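Have a look at the structure below before the remarks.
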Amino acid sequence: MQELKELIKRCKHKILNGGKCPMLVEIRDKYVNHYGISNRHIKPYKGSMSDKVGIKIANAYEELEHSPDNFLVKICYEQLAREVLNQFDFLNERENIIYEPFTSEGEPYENSYEMLKDIHQNHLFFFKTESGFGENNSSEANKMLEKTDFKYNGYEFVINDIFRIVHDIFGHAMNGYSFGPKGEDMAWHTHMQMFSPLAAAAITTETRGQNCWVNFGPHMRNKRGEIFNIYESGYIPPQKRPFAQQKMGLLPSDISGIQIIEKNGVAVAEVLTDWNFF
């Protein structure tokens, strides 16, 4: 009980599962102001994820080619990596959190509230990349697998580890979003607004695309092409669903809200002002 009281005191108001954390919101606001990031044109998201939308995004991810040498893809992922490290450094300058690879079975947290409690105790488990980086992947030609200088007990983090950490913090914990299909999509939309448009196009692949494939992909559909309900034979519980194949690529602009084009040898991001998530 005392632990919970201290948590509430530090966060300045009663934190409920699904509520915002002022400490993290403040860091987020300072970060976007410091780097001059403005995505205020992006419409508020009220959790419109549905089977229809999820299947459409899952199909798009299934069809996406791994294109690490594509000029536009490479630029977007380089920008994503740069900004992920910026977020990580910015957070560490303000909070002394120990980031520990999770080595036990299952998931480290039952929900985002449990994760938030751990963050307020200056600790965070993360699911390390080498334990699950998609299905049937080689470790070659992927920007997210580049090593960083950050280590924990001899384990050197790769960019994807850092990305998972900042996404858990600013995508999930900050607003209490769950790890289910709707919560994952809301976490994508929230975290995307901390990135420049070039990086946001890449984070859409890494979050919205992969999560929809996990929750709405071919393995989750019956013979009619519909998502299995929990009582159907063939239904796969969340903890046993396969990871999406890891790919470097850019999903269609109606999924990300951002059109990436090349102009005179330069990658340019054009934000769709009339974008409406489908």
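Residue numbering restarts at 1 for every chain of the structure tokens, chains are lettered A, B, ... in their displayed order, and ligands are numbered from 1 as they appear.
Note that DSSP on the backbone gives strand (DSSP E or B) to these residues of stretch 63-251 of chain A: Ile98, Tyr99, Glu100, Pro101, His123, Leu124, Phe125, Phe126, Lys147, Thr148, Asp149, Phe150, Lys151, Tyr152, Tyr155, Glu156, Phe157, Val158, Arg221 and Ile227 of chain A.
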Create the file for the chosen residues now, containing N, CA, C and O atoms and written as a JSON list (two decimals), in the first residue's frame.
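The resulting result.json:
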[["chain", "number", "residue", "atom", "x", "y", "z"],
["A", 98, "ILE", "N", 16.88, 1.74, -14.73],
["A", 98, "ILE", "CA", 17.68, 0.56, -15.09],
["A", 98, "ILE", "C", 16.88, -0.26, -16.09],
["A", 98, "ILE", "O", 15.76, -0.68, -15.81],
["A", 99, "TYR", "N", 17.46, -0.52, -17.25],
["A", 99, "TYR", "CA", 16.79, -1.29, -18.31],
["A", 99, "TYR", "C", 17.38, -2.70, -18.30],
["A", 99, "TYR", "O", 18.55, -2.90, -18.61],
["A", 100, "GLU", "N", 16.55, -3.67, -17.98],
["A", 100, "GLU", "CA", 17.02, -5.03, -17.80],
["A", 100, "GLU", "C", 16.37, -5.99, -18.80],
["A", 100, "GLU", "O", 15.14, -6.04, -18.89],
["A", 101, "PRO", "N", 17.17, -6.74, -19.55],
["A", 101, "PRO", "CA", 16.59, -7.74, -20.47],
["A", 101, "PRO", "C", 15.77, -8.77, -19.69],
["A", 101, "PRO", "O", 16.21, -9.26, -18.65],
["A", 123, "HIS", "N", 13.02, 1.12, -12.83],
["A", 123, "HIS", "CA", 13.40, -0.15, -13.44],
["A", 123, "HIS", "C", 12.44, -0.47, -14.57],
["A", 123, "HIS", "O", 11.25, -0.12, -14.51],
["A", 124, "LEU", "N", 12.94, -1.11, -15.62],
["A", 124, "LEU", "CA", 12.08, -1.55, -16.71],
["A", 124, "LEU", "C", 12.65, -2.81, -17.33],
["A", 124, "LEU", "O", 13.80, -2.85, -17.75],
["A", 125, "PHE", "N", 11.83, -3.87, -17.38],
["A", 125, "PHE", "CA", 12.18, -5.04, -18.16],
["A", 125, "PHE", "C", 11.84, -4.78, -19.63],
["A", 125, "PHE", "O", 10.85, -4.13, -19.93],
["A", 126, "PHE", "N", 12.67, -5.31, -20.53],
["A", 126, "PHE", "CA", 12.32, -5.26, -21.94],
["A", 126, "PHE", "C", 12.62, -6.62, -22.57],
["A", 126, "PHE", "O", 13.48, -7.36, -22.09],
["A", 147, "LYS", "N", 24.39, -2.35, -33.40],
["A", 147, "LYS", "CA", 24.70, -2.27, -31.98],
["A", 147, "LYS", "C", 24.88, -0.82, -31.55],
["A", 147, "LYS", "O", 25.22, 0.06, -32.34],
["A", 148, "THR", "N", 24.64, -0.60, -30.26],
["A", 148, "THR", "CA", 24.83, 0.71, -29.67],
["A", 148, "THR", "C", 25.94, 0.59, -28.62],
["A", 148, "THR", "O", 26.49, -0.48, -28.41],
["A", 149, "ASP", "N", 26.24, 1.68, -27.93],
["A", 149, "ASP", "CA", 27.26, 1.64, -26.89],
["A", 149, "ASP", "C", 26.67, 1.36, -25.51],
["A", 149, "ASP", "O", 27.40, 1.32, -24.52],
["A", 150, "PHE", "N", 25.35, 1.13, -25.45],
["A", 150, "PHE", "CA", 24.69, 0.94, -24.16],
["A", 150, "PHE", "C", 24.70, -0.55, -23.80],
["A", 150, "PHE", "O", 24.34, -1.39, -24.62],
["A", 151, "LYS", "N", 25.09, -0.84, -22.55],
["A", 151, "LYS", "CA", 25.20, -2.24, -22.13],
["A", 151, "LYS", "C", 24.56, -2.46, -20.76],
["A", 151, "LYS", "O", 24.45, -1.53, -19.96],
["A", 152, "TYR", "N", 24.12, -3.70, -20.53],
["A", 152, "TYR", "CA", 23.64, -4.12, -19.22],
["A", 152, "TYR", "C", 24.23, -5.50, -18.94],
["A", 152, "TYR", "O", 23.94, -6.46, -19.67],
["A", 155, "TYR", "N", 25.52, -7.37, -21.87],
["A", 155, "TYR", "CA", 24.65, -7.44, -23.04],
["A", 155, "TYR", "C", 24.61, -6.07, -23.71],
["A", 155, "TYR", "O", 24.21, -5.08, -23.10],
["A", 156, "GLU", "N", 25.06, -6.01, -24.97],
["A", 156, "GLU", "CA", 25.07, -4.74, -25.69],
["A", 156, "GLU", "C", 23.75, -4.57, -26.45],
["A", 156, "GLU", "O", 23.37, -5.41, -27.25],
["A", 157, "PHE", "N", 23.08, -3.47, -26.17],
["A", 157, "PHE", "CA", 21.79, -3.20, -26.79],
["A", 157, "PHE", "C", 21.96, -2.90, -28.28],
["A", 157, "PHE", "O", 22.92, -2.24, -28.68],
["A", 158, "VAL", "N", 21.02, -3.37, -29.07],
["A", 158, "VAL", "CA", 20.93, -2.95, -30.47],
["A", 158, "VAL", "C", 19.84, -1.88, -30.56],
["A", 158, "VAL", "O", 19.09, -1.64, -29.62],
["A", 221, "ARG", "N", -7.02, -16.29, -38.83],
["A", 221, "ARG", "CA", -8.29, -16.28, -39.57],
["A", 221, "ARG", "C", -8.79, -17.70, -39.85],
["A", 221, "ARG", "O", -8.02, -18.62, -40.09],
["A", 227, "ILE", "N", -11.61, -13.35, -38.42],
["A", 227, "ILE", "CA", -10.76, -13.57, -37.26],
["A", 227, "ILE", "C", -11.42, -14.60, -36.33],
["A", 227, "ILE", "O", -12.61, -14.52, -36.03]]
Subject >> alpha helix (DSSP H) positions in stretch 18-241 of chain A, given as a ChimeraX atom specification >> reply: /A:22-34,51-63,71-92,112-119,159-167,181-192,197-204,210-216
Given only C-alpha atoms, how would the per-residue table for stretch 206-257 of chain A near stretch 71-93 of chain A read, listing every residue at most 12 Å away with its closest atom pair and distance in Å to one decimal, sorted by chain and number, as a tab-separated table?
residue	atom	partner	partner_atom	distance
A:Glu206	CA	A:Tyr77	CA	10.0
A:Lys247	CA	A:Val73	CA	10.5
A:Met248	CA	A:Val73	CA	6.8
A:Gly249	CA	A:Val73	CA	5.6
A:Leu250	CA	A:Val73	CA	6.4
A:Leu251	CA	A:Val73	CA	10.2
For the selection you just gave me, I'd like the residues written to a file as a JSON list (two decimals), in the first residue's frame, keeping N, CA, C and O atoms.
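For reference, result15.json as written:
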[["chain", "number", "residue", "atom", "x", "y", "z"],
["A", 206, "GLU", "N", 7.18, -0.70, -38.11],
["A", 206, "GLU", "CA", 7.71, -1.42, -36.94],
["A", 206, "GLU", "C", 6.65, -1.66, -35.87],
["A", 206, "GLU", "O", 6.81, -2.58, -35.05],
["A", 247, "LYS", "N", 10.92, -6.81, -41.35],
["A", 247, "LYS", "CA", 11.20, -6.25, -42.67],
["A", 247, "LYS", "C", 11.54, -4.78, -42.56],
["A", 247, "LYS", "O", 10.98, -4.08, -41.72],
["A", 248, "MET", "N", 12.43, -4.33, -43.40],
["A", 248, "MET", "CA", 12.63, -2.90, -43.60],
["A", 248, "MET", "C", 11.85, -2.50, -44.85],
["A", 248, "MET", "O", 12.17, -2.95, -45.95],
["A", 249, "GLY", "N", 10.85, -1.69, -44.67],
["A", 249, "GLY", "CA", 10.01, -1.27, -45.79],
["A", 249, "GLY", "C", 9.03, -0.23, -45.32],
["A", 249, "GLY", "O", 8.88, 0.02, -44.12],
["A", 250, "LEU", "N", 8.33, 0.40, -46.26],
["A", 250, "LEU", "CA", 7.38, 1.46, -45.94],
["A", 250, "LEU", "C", 5.98, 1.02, -46.38],
["A", 250, "LEU", "O", 5.77, 0.68, -47.55],
["A", 251, "LEU", "N", 5.05, 1.03, -45.46],
["A", 251, "LEU", "CA", 3.67, 0.67, -45.77],
["A", 251, "LEU", "C", 2.98, 1.79, -46.54],
["A", 251, "LEU", "O", 3.43, 2.94, -46.53]]
**OP:** Work out how far atom CA of A:Ala267 is from atom CA of A:Pro252, in Å to one decimal.
**Re:**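 About the pair atom CA of A:Pro252 and atom CA of A:Ala267: they are 15.8 Å apart.
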Subject >> Shell of 12 Å around A:Ile119, only C-alpha atoms, local chain residues under 5 positions omitted, as a VMD selection string >> reply: chain A and resid 7 10 to 11 21 23 to 24 91 95 to 100 109 112 to 114 124 to 126 165 to 166 168 to 170 172 to 174
Subject >> Shell of 9 Å around stretch 229-238 of chain A, only C-alpha atoms, local chain residues under 3 positions omitted, as a ChimeraX atom specification >> reply: /A:180,214-215,219-222,226,241-242
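Relative to atom CA of A:Thr190, atom CA of A:Asn111 is found at 17.4 Å.
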Original post:
For A:His66, which of A:Ser178, A:Asn142, A:Trp275, A:Gly265 is the closest residue, counting only C-alpha atoms?
Top reply: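 Of all the options, A:Asn142 lies closest to A:His66.
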**OP:** Could you tell me which of A:Gln259, A:Asn122, A:Gln246, A:Ser48 comes closest to A:Lys143 if we count only C-alpha atoms?
**Re:**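 Of A:Gln259, A:Asn122, A:Gln246, A:Ser48, the one nearest A:Lys143 is A:Gln246, counting only C-alpha atoms.
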Original post:
In terms of the shortest atom-to-atom distance over only C-alpha atoms, which of A:Lys240, A:Gly217, A:Glu270, A:Met194 is closest to A:His34?
Top reply: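 Of A:Lys240, A:Gly217, A:Glu270, A:Met194, the one nearest A:His34, counting only C-alpha atoms, is A:Met194.
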Subject >> 8 Å contact set for A:His167, only C-alpha atoms, chain neighbours under 4 positions out, as a list of chain:residue names >> reply: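 Within the cut-off, the hits are A:Phe163, A:Gly171, A:His172, A:Ala187, A:His191.
Distance annotation: of A:Thr204, A:Ser253, A:Asn211, A:Asn153, the residue with the minimal separation from A:Gly183 is A:Asn211; atom set is only C-alpha atoms.
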Original post:
Between A:Thr103, A:Thr129, A:Asn59, A:Asn264, which is the closest to A:Cys212 once you count only C-alpha atoms?
Top reply: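 Closest to A:Cys212 of all the choices is A:Asn59.
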Original post:
For A:Asn276, which of A:Asp161, A:Arg224, A:Lys182, A:Val53 is the closest residue, counting only C-alpha atoms?
Top reply: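 When distances to A:Asn276 are compared using only C-alpha atoms, the smallest one comes from A:Val53.
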**OP:** Just give me the gap between atom CA of A:Asp69 and atom CA of A:Lys56 in Å, one decimal is fine.
**Re:**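 Separation between atom CA of A:Asp69 and atom CA of A:Lys56: 25.9 Å.
Near A:Tyr61, within 8 Å and counting only C-alpha atoms, sit Thr205, Gly209, Gln210, Trp213 and Leu251 of chain A, not including residues fewer than 6 positions from it in the same chain.
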